[in-house]
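Peer 1: Please read through the structure below; I'll follow up with questions.
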Amino acid sequence: MTQKFRFAFPSRRDWLWVLGLIAIGGLLGFGLNAVSPNGINLKIALEPDDPAPSPAAADAGGISPTAEARP
Amino acid sequence: MSGNRKDALTAWLWNAARVTIGFLFLLAASGKLRDPVKFMGGMDNYGLVHGWVLPLGAVAMPGIELLCALMLLLAVRTRAAALIVAGMLALFIGAMGSAMHRHLDLDCSCFDLMGADSALLAHGPAVRDLILTALTLAFLILGVEPSTVPRPRIWRTLLMTALFAWISFVMLDGGSPEWRRPLTYTLGTALILWMVLDLGVHGLASLRWGAILRDVAILALPLWAMFHVLGDGAATLGWGTIFRDVAMVTPAFALALFGPAEGPGRA
């Protein structure tokens with residue numbers, strides 16, 4: 001049986017499927033990266049680079065006053 | 001041209017575009033999954049994404065590509081999968097155009113067929129391209145009414161999923177080396193048994209040999225040439241890579257806007 005082809009803009013259901021596929025695909029990517037021997041170590045990759053010391057921290061000899069105030 | 005012939009031609013073009021784009025995205029995803037760190041470096045070279053977006057994007061994008069490839073190859077929710085593929089291609093074209101505008105000379109990081117070093121791909125590029133062509137045609141033939149008798153959809157879907165898993169994780173080295181060989185034997189044996197059982201039940205005469213030969217005659221040479229170009233080392237960014245993606249985005253939009261109806265209960 002031949003299928004009927006017709007032009008149609010994506011429906012709301014199609015857009016919901018788009019969001020769902022992106023979410024599931026993203027999770028699949030994370031899972032495959034976790035089991036891959038060459039995977040990206042996200043713990044290290046997501047660590048912020050060494051931030052530049054704030055002026056206040058520089059004045060205090062490299063120790064942030066806010067850090068001193070912590071218990 | 002009569003209505004039926006026109007519908008049949010449209011269906012054939014739609015299926016050929018669906019399988020070809022699905023297979024290309026399968027290859028693209030496999031290359032990125034094999035070496036995500038290298039892909040992240042390639043993304044970084046474009047200089048468009050920074051900070052936490054870079055590693056998260058490099059991890060998520062191959063998964064989305066792989067899932068969309070599977071949906072296109074199995075003809076499940078084709079409109080949604082084609083919309084994502086078209087959006088990604090538009091993003092890639094924009095990124096490549098931006099890099100060319102800034103006169104950056106870099107590898108486009110799109111396909112990495114050269115990294116695959118399994119035994120099947122060790123016989124030279126011509127044999128590798130021939131295998132990829134045969135697999136693409138197998139997907140098309142398995143997925144598009146290969147017989148004169150109605151086979152259950154689940155039958156073909158499972159067969160194609162086994163083929164899909166074998167290509168992703170065995171042929172293109174997408175998984176761990178320890179279980180590659182056992183998986184090859186398991187999936188290979190299952191595929192052969194399945195085909196023998198299928199032909200035993202339905203008979204050799206059930207296959208539409210004319211349609212199969214027509215597909216092979218029309219598509220084999222262009223597919224082989226396409227894989228040969230893609231596998232020819234790292235693709236330096238340029239008008240060639242942009243033209244390639246424009247050539248893919250056009251049928252991807254056509255798949256998203258012009259396809260068979262996908263109702264609530266239907267794939």
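Going by the structure tokens order, chains are called A, B, ..., each with residues numbered from 1, while ligands are numbered from 1 in the order shown.
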Give me the residues near Gly39 in chain A as an MDAnalysis selection string, where near means some atom within 9 Å (using only C-alpha atoms) and where sequence neighbours in that chain fewer than 3 positions away do not count.

Peer 2: (chainID A and resid 32:36 42) or (chainID B and resid 33:37 59)

Peer 1: Within 6 Å of chain A, which residues of chain B are there when counting only C-alpha atoms? Please give them as a PyMOL selection string.

Peer 2: chain B and resi 35-37+52+59-60+62-64+67+80+257-260

Peer 1: Using Å and a single decimal, report how far CA of Leu72 in chain B sits from CA of Arg128 in chain B.

Peer 2: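 Straight-line distance from CA of Arg128 in chain B to CA of Leu72 in chain B works out to 22.9 Å.
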
Peer 1: So that I can check the surroundings of Asp198 in chain B, please list as a PyMOL selection string every protein, DNA and RNA residue that reaches within 12 Å of it, counting only C-alpha atoms and ignoring chain neighbours fewer than 2 positions away.

Peer 2: chain B and resi 142+146-147+149-152+155-156+159+190-196+200-207

Peer 1: Could you turn the residues from that selection into a file that holds N, CA and C atoms, as a PDB file, in the first residue's frame?

Peer 2:
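Okay, result_23.pdb is ready:
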ATOM      1  N   LEU B 142      15.449  -3.294   3.961  1.00  0.00           N
ATOM      2  CA  LEU B 142      14.752  -3.871   5.118  1.00  0.00           C
ATOM      3  C   LEU B 142      13.593  -2.995   5.570  1.00  0.00           C
ATOM      4  N   PRO B 146      10.155  -4.963   1.795  1.00  0.00           N
ATOM      5  CA  PRO B 146      11.062  -5.716   0.935  1.00  0.00           C
ATOM      6  C   PRO B 146      10.429  -6.933   0.280  1.00  0.00           C
ATOM      7  N   SER B 147       9.158  -7.151   0.535  1.00  0.00           N
ATOM      8  CA  SER B 147       8.602  -8.412   0.060  1.00  0.00           C
ATOM      9  C   SER B 147       7.189  -8.234  -0.474  1.00  0.00           C
ATOM     10  N   VAL B 149       4.924 -10.300   0.532  1.00  0.00           N
ATOM     11  CA  VAL B 149       4.038 -10.708   1.641  1.00  0.00           C
ATOM     12  C   VAL B 149       4.219  -9.738   2.800  1.00  0.00           C
ATOM     13  N   PRO B 150       3.143  -9.449   3.532  1.00  0.00           N
ATOM     14  CA  PRO B 150       3.280  -8.496   4.634  1.00  0.00           C
ATOM     15  C   PRO B 150       4.042  -9.097   5.807  1.00  0.00           C
ATOM     16  N   ARG B 151       5.185  -8.525   6.106  1.00  0.00           N
ATOM     17  CA  ARG B 151       5.943  -8.973   7.283  1.00  0.00           C
ATOM     18  C   ARG B 151       5.579  -8.072   8.453  1.00  0.00           C
ATOM     19  N   PRO B 152       5.527  -8.621   9.663  1.00  0.00           N
ATOM     20  CA  PRO B 152       5.184  -7.773  10.820  1.00  0.00           C
ATOM     21  C   PRO B 152       6.204  -6.652  10.975  1.00  0.00           C
ATOM     22  N   TRP B 155       9.086  -7.305  13.298  1.00  0.00           N
ATOM     23  CA  TRP B 155      10.087  -8.205  12.705  1.00  0.00           C
ATOM     24  C   TRP B 155      11.209  -7.386  12.074  1.00  0.00           C
ATOM     25  N   ARG B 156      10.796  -6.456  11.201  1.00  0.00           N
ATOM     26  CA  ARG B 156      11.795  -5.635  10.497  1.00  0.00           C
ATOM     27  C   ARG B 156      12.464  -4.649  11.447  1.00  0.00           C
ATOM     28  N   LEU B 159      15.145  -6.412  13.431  1.00  0.00           N
ATOM     29  CA  LEU B 159      16.258  -6.747  12.542  1.00  0.00           C
ATOM     30  C   LEU B 159      17.118  -5.516  12.284  1.00  0.00           C
ATOM     31  N   ALA B 190      22.703 -13.740  15.185  1.00  0.00           N
ATOM     32  CA  ALA B 190      21.267 -13.429  15.261  1.00  0.00           C
ATOM     33  C   ALA B 190      20.745 -12.950  13.906  1.00  0.00           C
ATOM     34  N   LEU B 191      21.528 -12.087  13.237  1.00  0.00           N
ATOM     35  CA  LEU B 191      21.093 -11.565  11.934  1.00  0.00           C
ATOM     36  C   LEU B 191      20.957 -12.683  10.902  1.00  0.00           C
ATOM     37  N   ILE B 192      21.965 -13.585  10.870  1.00  0.00           N
ATOM     38  CA  ILE B 192      21.931 -14.669   9.876  1.00  0.00           C
ATOM     39  C   ILE B 192      20.747 -15.610  10.162  1.00  0.00           C
ATOM     40  N   LEU B 193      20.594 -15.988  11.460  1.00  0.00           N
ATOM     41  CA  LEU B 193      19.484 -16.871  11.837  1.00  0.00           C
ATOM     42  C   LEU B 193      18.144 -16.249  11.462  1.00  0.00           C
ATOM     43  N   TRP B 194      18.035 -14.954  11.740  1.00  0.00           N
ATOM     44  CA  TRP B 194      16.807 -14.223  11.482  1.00  0.00           C
ATOM     45  C   TRP B 194      16.457 -14.251   9.984  1.00  0.00           C
ATOM     46  N   MET B 195      17.483 -13.975   9.170  1.00  0.00           N
ATOM     47  CA  MET B 195      17.233 -13.936   7.726  1.00  0.00           C
ATOM     48  C   MET B 195      16.865 -15.311   7.201  1.00  0.00           C
ATOM     49  N   VAL B 196      17.578 -16.367   7.701  1.00  0.00           N
ATOM     50  CA  VAL B 196      17.283 -17.730   7.258  1.00  0.00           C
ATOM     51  C   VAL B 196      15.858 -18.105   7.654  1.00  0.00           C
ATOM     52  N   GLY B 200      12.829 -18.845   5.311  1.00  0.00           N
ATOM     53  CA  GLY B 200      12.218 -20.170   5.471  1.00  0.00           C
ATOM     54  C   GLY B 200      10.703 -20.071   5.601  1.00  0.00           C
ATOM     55  N   VAL B 201      10.245 -19.032   6.309  1.00  0.00           N
ATOM     56  CA  VAL B 201       8.803 -18.859   6.523  1.00  0.00           C
ATOM     57  C   VAL B 201       8.133 -18.330   5.251  1.00  0.00           C
ATOM     58  N   HIS B 202       8.736 -17.291   4.676  1.00  0.00           N
ATOM     59  CA  HIS B 202       8.064 -16.606   3.557  1.00  0.00           C
ATOM     60  C   HIS B 202       8.534 -17.063   2.167  1.00  0.00           C
ATOM     61  N   GLY B 203       9.677 -17.739   2.109  1.00  0.00           N
ATOM     62  CA  GLY B 203      10.151 -18.220   0.817  1.00  0.00           C
ATOM     63  C   GLY B 203      10.947 -17.166   0.069  1.00  0.00           C
ATOM     64  N   LEU B 204      11.924 -17.637  -0.703  1.00  0.00           N
ATOM     65  CA  LEU B 204      12.806 -16.727  -1.447  1.00  0.00           C
ATOM     66  C   LEU B 204      12.035 -15.902  -2.469  1.00  0.00           C
ATOM     67  N   ALA B 205      10.973 -16.495  -3.002  1.00  0.00           N
ATOM     68  CA  ALA B 205      10.203 -15.805  -4.048  1.00  0.00           C
ATOM     69  C   ALA B 205       9.424 -14.617  -3.494  1.00  0.00           C
ATOM     70  N   SER B 206       9.341 -14.515  -2.147  1.00  0.00           N
ATOM     71  CA  SER B 206       8.586 -13.399  -1.569  1.00  0.00           C
ATOM     72  C   SER B 206       9.338 -12.079  -1.698  1.00  0.00           C
ATOM     73  N   LEU B 207      10.661 -12.147  -1.911  1.00  0.00           N
ATOM     74  CA  LEU B 207      11.429 -10.907  -2.039  1.00  0.00           C
ATOM     75  C   LEU B 207      11.159 -10.244  -3.388  1.00  0.00           C
TER      76      LEU B 207
END
